[in-house]
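First comes the structure, then the notes that go with it.
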Amino acid sequence: MKNKNKTVWSNRFKSKMSQSFQKIGSSIHIDKRLYEQDIAASIVHTQMLSKQKIIKSEDANKIINGLKKIKAQIDKGNFEFKEKFEDIHLNIEKALFDIIGPSAGYMHTARSRNDQVVTDFKLWIKDASKEILKDISLVMKNLLKKAEKNTDTVMPGLTHLKNAQPISFAHYLLSYFEMLKRDKKRFENNLNLLDECPLGSAALSGTSYKIDRTYTAKKLGFKKPTDNSIDSVSDRDFAIDFLYASAVCAMHLSRLAEDFIIYNSDAFKLISFKDSMLTGSSIMPQKKNPDPAELIRGKVGINYGKLNAILTIMKGLPMSYFKDMQDDKELVFSGFDTLKDTLTMSAELINSVYANKSNMLFMANQGHTTATDFADYLVQNKNLSFRESYAISAKLVNFAEKNEKLLSELSLDEVKKFYKDLDKSVLKVFDVKNSMNMKKSHGGTSVINVKSMIKKYKKEIK
Ligand code: ARG
């Protein structure tokens with residue numbers, strides 16, 4: 001019991017650790033989130049040591065039972081984490097000594113905290129990525145539901161925030177479906193890349209014990225063991241990949257939120273939110289502000305920050321393990337928490353959005369959005385080149401603008417001033433719904449296209 005409060009390296013040290021060093025050096029308040037992974041990896045490592053007859057099966061059984069007890073204690077909140085023992089690995093090892101005595105001393109054979117932490121962290125990021133994948137799917141499903149109800153809701157499609165061409169609200173929403181689909185692929189690719197188990201690399205050089213790394217890897221759910229022990233303990237690519245995928249996903253949601261904020265503004269009035277997604281003002285009685293959308297727009301700053309921080313920490317680090325890397329956990333945990341909140345909020349926000357259809361239609365008619373359709377009509381029916389047609393259509397727009405008319409308000413005679421040989425069939429090109437439905441090229445905004453895309457997406461997302 002006299003060792004109870006000592007660090008594992010106390011025999012080598014003449015003085016106690018400085019208090020301020022203990023405070024900055026300890027990561028237990030952060031990495032206690034790895035306890036399940038740490039215990040799972042220790043159990044498998046112990047089973048492997050026993051199978052390989054490196055430690056006695058009696059000791060292995062004691063270790064495994066002790067670890068299970070510790071897990072139960074932590075699960076119930078009955079475990080005291082100590083700053084003094086630095087991190088999750090040493091806190092658990094110390095507790096194991098308290099519970100089973102000297103047999104605990106066999107657990108750390110043929111491993112180091114260096115391979116231990118990276119194994120725990122990979123396991124954690126695997127689970128976290130799977131959770132994020134589910135959360136992204138929910139956002140995608142809600143986009144799909146909203147899109148289904150709006151395949152023929154016409155709105156102005158914008159470029160440069162200026163009215164460009166008519167599109168459907170569904171087609172707009174599904175553009176985010178595609179972005180999120182890529183986000184899922186990014187997280188899935190990451191899962192593939194990190195699927196190699198570092199445990200057994202020990203401090204950095206491997207180990208002289210006859211360990212079975214394939215057994216350990218397979219039992220922990222990895223495809224195979226890592227092939228280079230030095231890289232194993234110094235690699236944090238998988239954490240960077242996770243933060244990068246998170247940053248891109250958060251950026252997509254930030255763009256959606258910004259769109260929603262603009263479309264909901266009093267200047268646009270294209271969409272509204274349910275009151276459950278709005279806040280009032282402490283002074284202005286009339287206000288209903290879209291705070292959730294603003295929070296989603298802003299949160300990406302945290303995701304970028306964490307990515308930037310880990311890239312900076314890793315830059316120029318010589319081989320192999322350094323304590324610099326200890327801060328990787330805080331960055332990933334916080335990036336994960338932030339993205340998870342953002343995804344949950346986005347899923348709800350999308351459900352709460354509704355299109356102000358009449359204003360969308362009105363706005364789709366503003367800004368001469370069918371000018372391209374007129375040019376296309378001339379190309380397709382009058383054997384003109386696109387550039388010739390473009391010039392004729394531009395002149396027609398100038399005329400409409402000068403006379404303060406929509407293109408759809410022009411008479412056939414007015415249109416014929418710019419190209420003589422026309423009959424009244426040309427007038428339908430100025431109808432915004434017609435314009436939308438003419439866009440039947442693959443990936444275009446016509447109702448037919450969008451409906452068949454929705455069908456395809458529904459099968460994919462199941
Ligand atoms: N808490 C440490 C970390 O997260 C574990 C590895 C410690 N290794 C060492 N050689 N000090 O990086």
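Chains: A, B, ... in order of the structure tokens. Residues: from 1 per chain. Ligands: from 1, in order shown.
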
Shell of 8 Å around stretch 435-438 of chain A, only C-alpha atoms, local chain residues under 4 positions omitted, as a PyMOL selection string: chain A and resi 154+166-168+370+373+429-431+445-448

Please find the residues contacting ligand 1 at a distance of at most 12 Å between atoms, with only C-alpha atoms and all ligand atoms counted, and report them as a VMD selection string. chain A and resid 8 to 9 24 to 34 38 83 85 to 91 111 to 121 202 to 204 233 to 236 320 to 331

Tell me which protein, DNA and RNA residues are within 10 Å of A:Arg387, counting only C-alpha atoms, leaving out same-chain ones fewer than 6 positions away, and put them as an NGL selection string. :A and (375 or 379 or 393)

List the neighbours of stretch 380-382 of chain A out to 12 Å using only C-alpha atoms; skip same-chain residues closer than 2 positions along the sequence, and give me the result as a list in words.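 Here the answer would be Asp373, Phe374, Ala375, Asp376, Tyr377, Leu378, Leu384, Ser385, Phe386, Glu388, Ser389, Tyr419, Lys420, Asp421, Leu422, Asp423, Ser425 and Val426 of chain A.
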
Distance criterion (only C-alpha atoms): nearest to A:Ala247 out of A:Lys53, A:Arg12, A:Lys62, A:Lys306: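 Selected residue with least distance to A:Ala247: A:Lys306.
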
Using only C-alpha atoms, find each residue in stretch 242-283 of chain A having at least one atom no more than 10 Å away from stretch 334-340 of chain A; report its shortest atom-to-atom pair and that distance in Å (one decimal), rows by chain then rising number, as a tab-separated table.
```
residue	atom	partner	partner_atom	distance
A:Phe242	CA	A:Phe336	CA	8.6
A:Leu243	CA	A:Gly335	CA	6.5
A:Tyr244	CA	A:Gly335	CA	9.7
A:Ser246	CA	A:Leu339	CA	6.5
A:Ala247	CA	A:Gly335	CA	8.2
A:Cys249	CA	A:Leu339	CA	8.0
A:Ala250	CA	A:Leu339	CA	6.3
A:Leu253	CA	A:Leu339	CA	9.5
```

Option closest in space to A:Lys145, from A:Ser411, A:Asn351, A:Asn308, A:Asn163 [counting only C-alpha atoms]: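 Closest residue, counting only C-alpha atoms: A:Asn351.
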
Which polymer residues have any atom within 9 Å of an atom of stretch 399-410 of chain A, counting only C-alpha atoms, with same-chain residues fewer than 5 positions away left out, as a PyMOL selection string? chain A and resi 365-371+394+415+427-432

Go ahead and dump the residues you just picked, N, CA, C and O atoms, as a PDB file, in the first residue's frame.
```pdb
ATOM      1  N   ASN A 365     -39.716  35.607 -60.751  1.00  0.00           N
ATOM      2  CA  ASN A 365     -40.025  36.420 -61.935  1.00  0.00           C
ATOM      3  C   ASN A 365     -39.240  37.728 -61.993  1.00  0.00           C
ATOM      4  O   ASN A 365     -39.197  38.375 -63.035  1.00  0.00           O
ATOM      5  N   GLN A 366     -38.663  38.105 -60.858  1.00  0.00           N
ATOM      6  CA  GLN A 366     -37.903  39.357 -60.827  1.00  0.00           C
ATOM      7  C   GLN A 366     -36.514  39.136 -61.434  1.00  0.00           C
ATOM      8  O   GLN A 366     -35.947  38.047 -61.309  1.00  0.00           O
ATOM      9  N   GLY A 367     -35.996  40.164 -62.076  1.00  0.00           N
ATOM     10  CA  GLY A 367     -34.605  40.086 -62.559  1.00  0.00           C
ATOM     11  C   GLY A 367     -34.468  39.391 -63.898  1.00  0.00           C
ATOM     12  O   GLY A 367     -33.388  38.922 -64.245  1.00  0.00           O
ATOM     13  N   HIS A 368     -35.595  39.298 -64.666  1.00  0.00           N
ATOM     14  CA  HIS A 368     -35.525  38.772 -66.042  1.00  0.00           C
ATOM     15  C   HIS A 368     -34.840  37.407 -66.091  1.00  0.00           C
ATOM     16  O   HIS A 368     -33.931  37.167 -66.896  1.00  0.00           O
ATOM     17  N   THR A 369     -35.272  36.507 -65.208  1.00  0.00           N
ATOM     18  CA  THR A 369     -34.589  35.216 -65.024  1.00  0.00           C
ATOM     19  C   THR A 369     -34.760  34.251 -66.189  1.00  0.00           C
ATOM     20  O   THR A 369     -34.124  33.204 -66.212  1.00  0.00           O
ATOM     21  N   THR A 370     -35.640  34.611 -67.166  1.00  0.00           N
ATOM     22  CA  THR A 370     -35.825  33.688 -68.295  1.00  0.00           C
ATOM     23  C   THR A 370     -35.122  34.177 -69.563  1.00  0.00           C
ATOM     24  O   THR A 370     -35.385  33.665 -70.662  1.00  0.00           O
ATOM     25  N   ALA A 371     -34.238  35.153 -69.395  1.00  0.00           N
ATOM     26  CA  ALA A 371     -33.529  35.692 -70.563  1.00  0.00           C
ATOM     27  C   ALA A 371     -32.725  34.599 -71.276  1.00  0.00           C
ATOM     28  O   ALA A 371     -32.659  34.566 -72.517  1.00  0.00           O
ATOM     29  N   ALA A 394     -30.356  40.007 -74.809  1.00  0.00           N
ATOM     30  CA  ALA A 394     -29.853  41.117 -73.977  1.00  0.00           C
ATOM     31  C   ALA A 394     -30.579  42.412 -74.327  1.00  0.00           C
ATOM     32  O   ALA A 394     -30.955  43.190 -73.443  1.00  0.00           O
ATOM     33  N   VAL A 415     -41.856  41.690 -78.382  1.00  0.00           N
ATOM     34  CA  VAL A 415     -40.751  40.729 -78.543  1.00  0.00           C
ATOM     35  C   VAL A 415     -40.258  40.735 -79.991  1.00  0.00           C
ATOM     36  O   VAL A 415     -39.049  40.695 -80.250  1.00  0.00           O
ATOM     37  N   LEU A 427     -43.839  32.884 -76.402  1.00  0.00           N
ATOM     38  CA  LEU A 427     -44.127  33.549 -75.117  1.00  0.00           C
ATOM     39  C   LEU A 427     -43.992  32.621 -73.902  1.00  0.00           C
ATOM     40  O   LEU A 427     -43.706  33.071 -72.800  1.00  0.00           O
ATOM     41  N   LYS A 428     -44.183  31.311 -74.158  1.00  0.00           N
ATOM     42  CA  LYS A 428     -44.110  30.398 -73.002  1.00  0.00           C
ATOM     43  C   LYS A 428     -42.688  30.326 -72.402  1.00  0.00           C
ATOM     44  O   LYS A 428     -42.509  29.944 -71.258  1.00  0.00           O
ATOM     45  N   VAL A 429     -41.682  30.721 -73.187  1.00  0.00           N
ATOM     46  CA  VAL A 429     -40.319  30.643 -72.620  1.00  0.00           C
ATOM     47  C   VAL A 429     -40.132  31.637 -71.468  1.00  0.00           C
ATOM     48  O   VAL A 429     -39.196  31.499 -70.676  1.00  0.00           O
ATOM     49  N   PHE A 430     -41.035  32.626 -71.373  1.00  0.00           N
ATOM     50  CA  PHE A 430     -40.904  33.607 -70.285  1.00  0.00           C
ATOM     51  C   PHE A 430     -41.601  33.161 -69.000  1.00  0.00           C
ATOM     52  O   PHE A 430     -41.556  33.846 -67.993  1.00  0.00           O
ATOM     53  N   ASP A 431     -42.236  31.991 -69.055  1.00  0.00           N
ATOM     54  CA  ASP A 431     -42.893  31.456 -67.865  1.00  0.00           C
ATOM     55  C   ASP A 431     -41.859  30.717 -67.011  1.00  0.00           C
ATOM     56  O   ASP A 431     -41.159  29.821 -67.495  1.00  0.00           O
ATOM     57  N   VAL A 432     -41.752  31.107 -65.752  1.00  0.00           N
ATOM     58  CA  VAL A 432     -40.664  30.556 -64.926  1.00  0.00           C
ATOM     59  C   VAL A 432     -40.807  29.056 -64.670  1.00  0.00           C
ATOM     60  O   VAL A 432     -39.819  28.332 -64.580  1.00  0.00           O
TER      61      VAL A 432
END
```

Which residues come within 10 Å of A:Lys218, counting only C-alpha atoms, excluding same-chain residues fewer than 5 positions away, as a ChimeraX atom specification? /A:44,196-197,213,223-225

Prev. selection, C-alpha atoms, output as a compact mmCIF listing (two decimals), in the first residue's frame:
```
# COMPACT_ATOMS: atom_id res chain seq x y z
CA VAL A 44 -7.48 -7.86 -25.37
CA GLU A 196 -4.73 -0.70 -38.58
CA CYS A 197 -4.00 -1.51 -34.95
CA ARG A 213 -0.30 -8.54 -33.06
CA LYS A 223 -8.25 -5.14 -40.23
CA LYS A 224 -4.58 -5.73 -39.44
CA PRO A 225 -1.69 -4.54 -37.27
```

Looking at only C-alpha atoms, which of A:Asp231, A:Glu80, A:Asp241, A:Glu294 is the one that sits closest to A:Arg255?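 Answer, going by the shortest atom-to-atom distance: A:Glu294.
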
Which residues of stretch 197-282 of chain A come within 7 Å of stretch 353-356 of chain A, and what is each one's closest atom pair and distance in Å (one decimal), counting only C-alpha atoms, sorted by chain and residue number, as JSON lines?
```
{"residue": "A:Leu270", "atom": "CA", "partner": "A:Asn356", "partner_atom": "CA", "distance": 5.2}
{"residue": "A:Ile271", "atom": "CA", "partner": "A:Ala355", "partner_atom": "CA", "distance": 4.6}
{"residue": "A:Ser272", "atom": "CA", "partner": "A:Tyr354", "partner_atom": "CA", "distance": 5.5}
{"residue": "A:Phe273", "atom": "CA", "partner": "A:Val353", "partner_atom": "CA", "distance": 4.7}
{"residue": "A:Lys274", "atom": "CA", "partner": "A:Val353", "partner_atom": "CA", "distance": 6.7}
```

Quick one: pick out all strand (DSSP E) residues within stretch 123-311 of chain A from a backbone DSSP run and write them as number ranges by chain. A: 154-159, 162-168, 196-197, 224-225, 271-273

Taking into account only C-alpha atoms, which residue in the set A:Lys287, A:His252, A:Lys210, A:His45 is nearest to A:Pro198?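 Among the listed residues, the smallest separation from A:Pro198 belongs to A:His45.
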